[in-house]
>>> print(open('input-v7.pdb').read())   # PDB, C-alpha atoms, pLDDT in the B column
MODEL        1
ATOM      1  CA  MET A 944     104.674-118.288  37.899  1.00 72.00           C
ATOM      2  CA  ALA A 945     106.385-121.599  38.682  1.00 88.00           C
ATOM      3  CA  GLY A 946     105.241-124.018  41.338  1.00 93.00           C
ATOM      4  CA  LYS A 947     106.818-124.037  44.783  1.00 96.00           C
ATOM      5  CA  PHE A 948     107.244-126.253  47.817  1.00 97.00           C
ATOM      6  CA  VAL A 949     106.075-124.690  51.077  1.00 98.00           C
ATOM      7  CA  LEU A 950     107.405-126.112  54.368  1.00 98.00           C
ATOM      8  CA  PHE A 951     105.321-125.643  57.510  1.00 98.00           C
ATOM      9  CA  THR A 952     104.697-126.999  60.995  1.00 98.00           C
ATOM     10  CA  ASP A 953     101.324-128.636  61.588  1.00 98.00           C
ATOM     11  CA  SER A 954      99.171-128.426  64.723  1.00 98.00           C
ATOM     12  CA  THR A 955     101.000-131.377  66.318  1.00 98.00           C
ATOM     13  CA  GLY A 956     104.454-129.854  65.818  1.00 98.00           C
ATOM     14  CA  LYS A 957     105.370-132.131  62.895  1.00 98.00           C
ATOM     15  CA  PHE A 958     106.853-130.814  59.667  1.00 98.00           C
ATOM     16  CA  ARG A 959     104.995-131.038  56.368  1.00 98.00           C
ATOM     17  CA  TRP A 960     105.239-129.600  52.885  1.00 98.00           C
ATOM     18  CA  ARG A 961     102.780-128.653  50.193  1.00 97.00           C
ATOM     19  CA  LEU A 962     103.498-128.341  46.498  1.00 97.00           C
ATOM     20  CA  LYS A 963     101.638-125.351  45.129  1.00 97.00           C
ATOM     21  CA  ALA A 964     101.006-124.542  41.478  1.00 95.00           C
ATOM     22  CA  GLY A 965     101.821-121.109  40.135  1.00 94.00           C
ATOM     23  CA  THR A 966      98.195-120.186  40.790  1.00 95.00           C
ATOM     24  CA  GLY A 967      98.605-120.990  44.480  1.00 95.00           C
ATOM     25  CA  GLU A 968      96.479-124.137  44.285  1.00 97.00           C
ATOM     26  CA  ILE A 969      97.770-127.047  46.399  1.00 97.00           C
ATOM     27  CA  ILE A 970      98.581-129.921  44.060  1.00 95.00           C
ATOM     28  CA  ALA A 971     100.385-132.252  46.483  1.00 96.00           C
ATOM     29  CA  ALA A 972     100.786-132.573  50.244  1.00 97.00           C
ATOM     30  CA  SER A 973     103.233-134.580  52.312  1.00 98.00           C
ATOM     31  CA  GLN A 974     103.058-136.904  55.235  1.00 98.00           C
ATOM     32  CA  ALA A 975     104.126-135.636  58.661  1.00 98.00           C
ATOM     33  CA  TYR A 976     107.871-135.672  59.371  1.00 98.00           C
ATOM     34  CA  ASP A 977     109.569-135.560  62.772  1.00 98.00           C
ATOM     35  CA  SER A 978     112.281-133.151  61.601  1.00 98.00           C
ATOM     36  CA  ILE A 979     112.638-130.360  59.088  1.00 98.00           C
ATOM     37  CA  ASP A 980     115.616-132.212  57.567  1.00 98.00           C
ATOM     38  CA  ALA A 981     113.421-135.245  56.916  1.00 98.00           C
ATOM     39  CA  ALA A 982     110.777-133.011  55.311  1.00 98.00           C
ATOM     40  CA  LYS A 983     113.435-131.459  53.070  1.00 98.00           C
ATOM     41  CA  LYS A 984     114.595-134.951  52.082  1.00 98.00           C
ATOM     42  CA  GLY A 985     110.975-135.741  51.165  1.00 97.00           C
ATOM     43  CA  ILE A 986     110.910-132.690  48.892  1.00 97.00           C
ATOM     44  CA  ALA A 987     114.213-133.728  47.294  1.00 96.00           C
ATOM     45  CA  SER A 988     112.834-137.206  46.702  1.00 95.00           C
ATOM     46  CA  VAL A 989     109.779-135.862  44.893  1.00 94.00           C
ATOM     47  CA  GLN A 990     111.955-133.501  42.860  1.00 93.00           C
ATOM     48  CA  SER A 991     114.284-136.297  41.753  1.00 94.00           C
ATOM     49  CA  HIS A 992     111.714-139.053  41.155  1.00 91.00           C
ATOM     50  CA  ALA A 993     108.715-137.208  39.736  1.00 88.00           C
ATOM     51  CA  PRO A 994     110.175-136.470  36.268  1.00 85.00           C
ATOM     52  CA  SER A 995     110.464-140.216  35.610  1.00 86.00           C
ATOM     53  CA  ALA A 996     107.482-141.393  37.650  1.00 89.00           C
ATOM     54  CA  GLU A 997     105.225-143.861  35.875  1.00 92.00           C
ATOM     55  CA  VAL A 998     101.597-142.839  35.390  1.00 91.00           C
ATOM     56  CA  ILE A 999      99.165-145.676  36.066  1.00 91.00           C
ATOM     57  CA  ASP A1000      95.563-145.150  34.991  1.00 94.00           C
ATOM     58  CA  ASP A1001      93.247-147.008  37.365  1.00 92.00           C
ATOM     59  CA  SER A1002      90.249-144.874  36.465  1.00 92.00           C
ATOM     60  CA  MET A1003      88.483-147.687  34.654  1.00 87.00           C
ATOM     61  CA  LYS A1004      88.883-150.307  37.413  1.00 79.00           C
ATOM     62  CA  VAL A1005      85.678-151.560  38.945  1.00 71.00           C
TER      63      VAL A1005
ENDMDL
END
>>> encode(input="input-v7.pdb", output="structure tokens")
Amino acid sequence: MAGKFVLFTDSTGKFRWRLKAGTGEIIAASQAYDSIDAAKKGIASVQSHAPSAEVIDDSMKV
């Protein structure tokens, strides 16, 4: 099963999204947005920028 974005309203009435893997595991979560349109724009941004996003490995920094 493919991943999916899930839009929801948090306890403060703000809009958020989660990106879930096909297994249902949450693999990314958004900030809080004031409107559902802004949350949808956040999803679109991730969808358009993630395929070309640079991966920076800071795991060895001390």
>>> closest_residue(input="input-v7.pdb", among="A:Phe948, A:Gly967, A:Phe958, A:Pro994", to="Asp980 in chain A", atoms="only C-alpha atoms")
A:Phe958
>>> closest_residue(input="input-v7.pdb", among="A:Ala993, A:Asp1000, A:Thr955, A:Val1005", to="Ala971 in chain A", atoms="all atoms listed in the file")
A:Ala993
>>> resolve_selection(input="input-v7.pdb", expression="the PyMOL selection byres ((chain A and resi 983) around 12)", output="ChimeraX atom specification")
/A:948-951,958-961,973-982,984-990
>>> resolve_selection(input="input-v7.pdb", expression="the PyMOL selection byres ((chain A and resi 947) around 6)", output="compact mmCIF listing (two decimals) with C-alpha atoms, keeping the file's coordinate frame")
# COMPACT_ATOMS: atom_id res chain seq x y z
CA GLY A 946 105.24 -124.02 41.34
CA PHE A 948 107.24 -126.25 47.82
CA LEU A 962 103.50 -128.34 46.50
CA LYS A 963 101.64 -125.35 45.13
>>> atom_distance(input="input-v7.pdb", atom1="CA of Ala964 in chain A", atom2="CA of Lys1004 in chain A")
28.8 Å
>>> atom_distance(input="input-v7.pdb", atom1="CA of Ile969 in chain A", atom2="CA of Thr952 in chain A")
16.2 Å
>>> atom_distance(input="input-v7.pdb", atom1="CA of Met944 in chain A", atom2="CA of Thr966 in chain A")
7.3 Å
>>> decode(input="input-v7.pdb", residues="chain A", atoms="C-alpha atoms", output="mmCIF file, in the first residue's frame")
data_model
loop_
_atom_site.group_PDB
_atom_site.id
_atom_site.type_symbol
_atom_site.label_atom_id
_atom_site.label_comp_id
_atom_site.auth_asym_id
_atom_site.auth_seq_id
_atom_site.Cartn_x
_atom_site.Cartn_y
_atom_site.Cartn_z
ATOM 1 C CA MET A 944 0.000 0.000 0.000
ATOM 2 C CA ALA A 945 1.253 3.501 -0.823
ATOM 3 C CA GLY A 946 1.819 6.220 1.727
ATOM 4 C CA LYS A 947 -0.807 8.872 2.379
ATOM 5 C CA PHE A 948 -1.196 12.338 3.840
ATOM 6 C CA VAL A 949 -3.815 12.599 6.580
ATOM 7 C CA LEU A 950 -5.258 16.041 7.409
ATOM 8 C CA PHE A 951 -6.688 16.610 10.884
ATOM 9 C CA THR A 952 -7.567 19.280 13.428
ATOM 10 C CA ASP A 953 -5.499 19.320 16.611
ATOM 11 C CA SER A 954 -6.714 20.038 20.149
ATOM 12 C CA THR A 955 -6.246 23.799 19.673
ATOM 13 C CA GLY A 956 -8.318 23.926 16.481
ATOM 14 C CA LYS A 957 -5.297 24.250 14.171
ATOM 15 C CA PHE A 958 -4.863 22.122 11.066
ATOM 16 C CA ARG A 959 -2.047 19.602 10.738
ATOM 17 C CA TRP A 960 -1.086 16.714 8.504
ATOM 18 C CA ARG A 961 0.758 13.462 8.965
ATOM 19 C CA LEU A 962 2.471 11.446 6.268
ATOM 20 C CA LYS A 963 1.851 7.771 6.896
ATOM 21 C CA ALA A 964 3.685 4.853 5.315
ATOM 22 C CA GLY A 965 1.739 2.029 3.736
ATOM 23 C CA THR A 966 2.041 0.202 7.053
ATOM 24 C CA GLY A 967 0.262 3.044 8.838
ATOM 25 C CA GLU A 968 3.410 4.229 10.613
ATOM 26 C CA ILE A 969 3.741 8.027 10.872
ATOM 27 C CA ILE A 970 6.878 9.056 9.005
ATOM 28 C CA ALA A 971 6.422 12.844 8.991
ATOM 29 C CA ALA A 972 4.260 15.385 10.803
ATOM 30 C CA SER A 973 3.547 19.019 10.046
ATOM 31 C CA GLN A 974 3.524 22.240 11.945
ATOM 32 C CA ALA A 975 0.184 23.761 12.950
ATOM 33 C CA TYR A 976 -1.608 25.795 10.270
ATOM 34 C CA ASP A 977 -4.346 28.382 10.792
ATOM 35 C CA SER A 978 -6.373 27.189 7.792
ATOM 36 C CA ILE A 979 -6.994 23.952 5.956
ATOM 37 C CA ASP A 980 -5.880 25.660 2.723
ATOM 38 C CA ALA A 981 -2.516 26.474 4.293
ATOM 39 C CA ALA A 982 -2.165 22.860 5.464
ATOM 40 C CA LYS A 983 -2.925 21.635 1.941
ATOM 41 C CA LYS A 984 -0.282 24.017 0.577
ATOM 42 C CA GLY A 985 2.174 22.497 3.073
ATOM 43 C CA ILE A 986 1.381 19.035 1.708
ATOM 44 C CA ALA A 987 1.841 20.267 -1.871
ATOM 45 C CA SER A 988 5.183 21.778 -0.921
ATOM 46 C CA VAL A 989 6.442 18.495 0.513
ATOM 47 C CA GLN A 990 5.162 16.613 -2.531
ATOM 48 C CA SER A 991 6.944 18.941 -4.954
ATOM 49 C CA HIS A 992 10.219 19.431 -3.059
ATOM 50 C CA ALA A 993 10.868 16.044 -1.472
ATOM 51 C CA PRO A 994 11.864 14.175 -4.668
ATOM 52 C CA SER A 995 14.815 16.550 -5.117
ATOM 53 C CA ALA A 996 15.548 17.261 -1.458
ATOM 54 C CA GLU A 997 19.202 17.012 -0.497
ATOM 55 C CA VAL A 998 20.114 14.465 2.171
ATOM 56 C CA ILE A 999 22.635 15.797 4.678
ATOM 57 C CA ASP A 1000 24.243 13.272 7.013
ATOM 58 C CA ASP A 1001 25.013 14.935 10.343
ATOM 59 C CA SER A 1002 25.146 11.642 12.210
ATOM 60 C CA MET A 1003 28.885 11.825 12.760
ATOM 61 C CA LYS A 1004 28.956 15.406 14.105
ATOM 62 C CA VAL A 1005 30.129 15.785 17.665
#
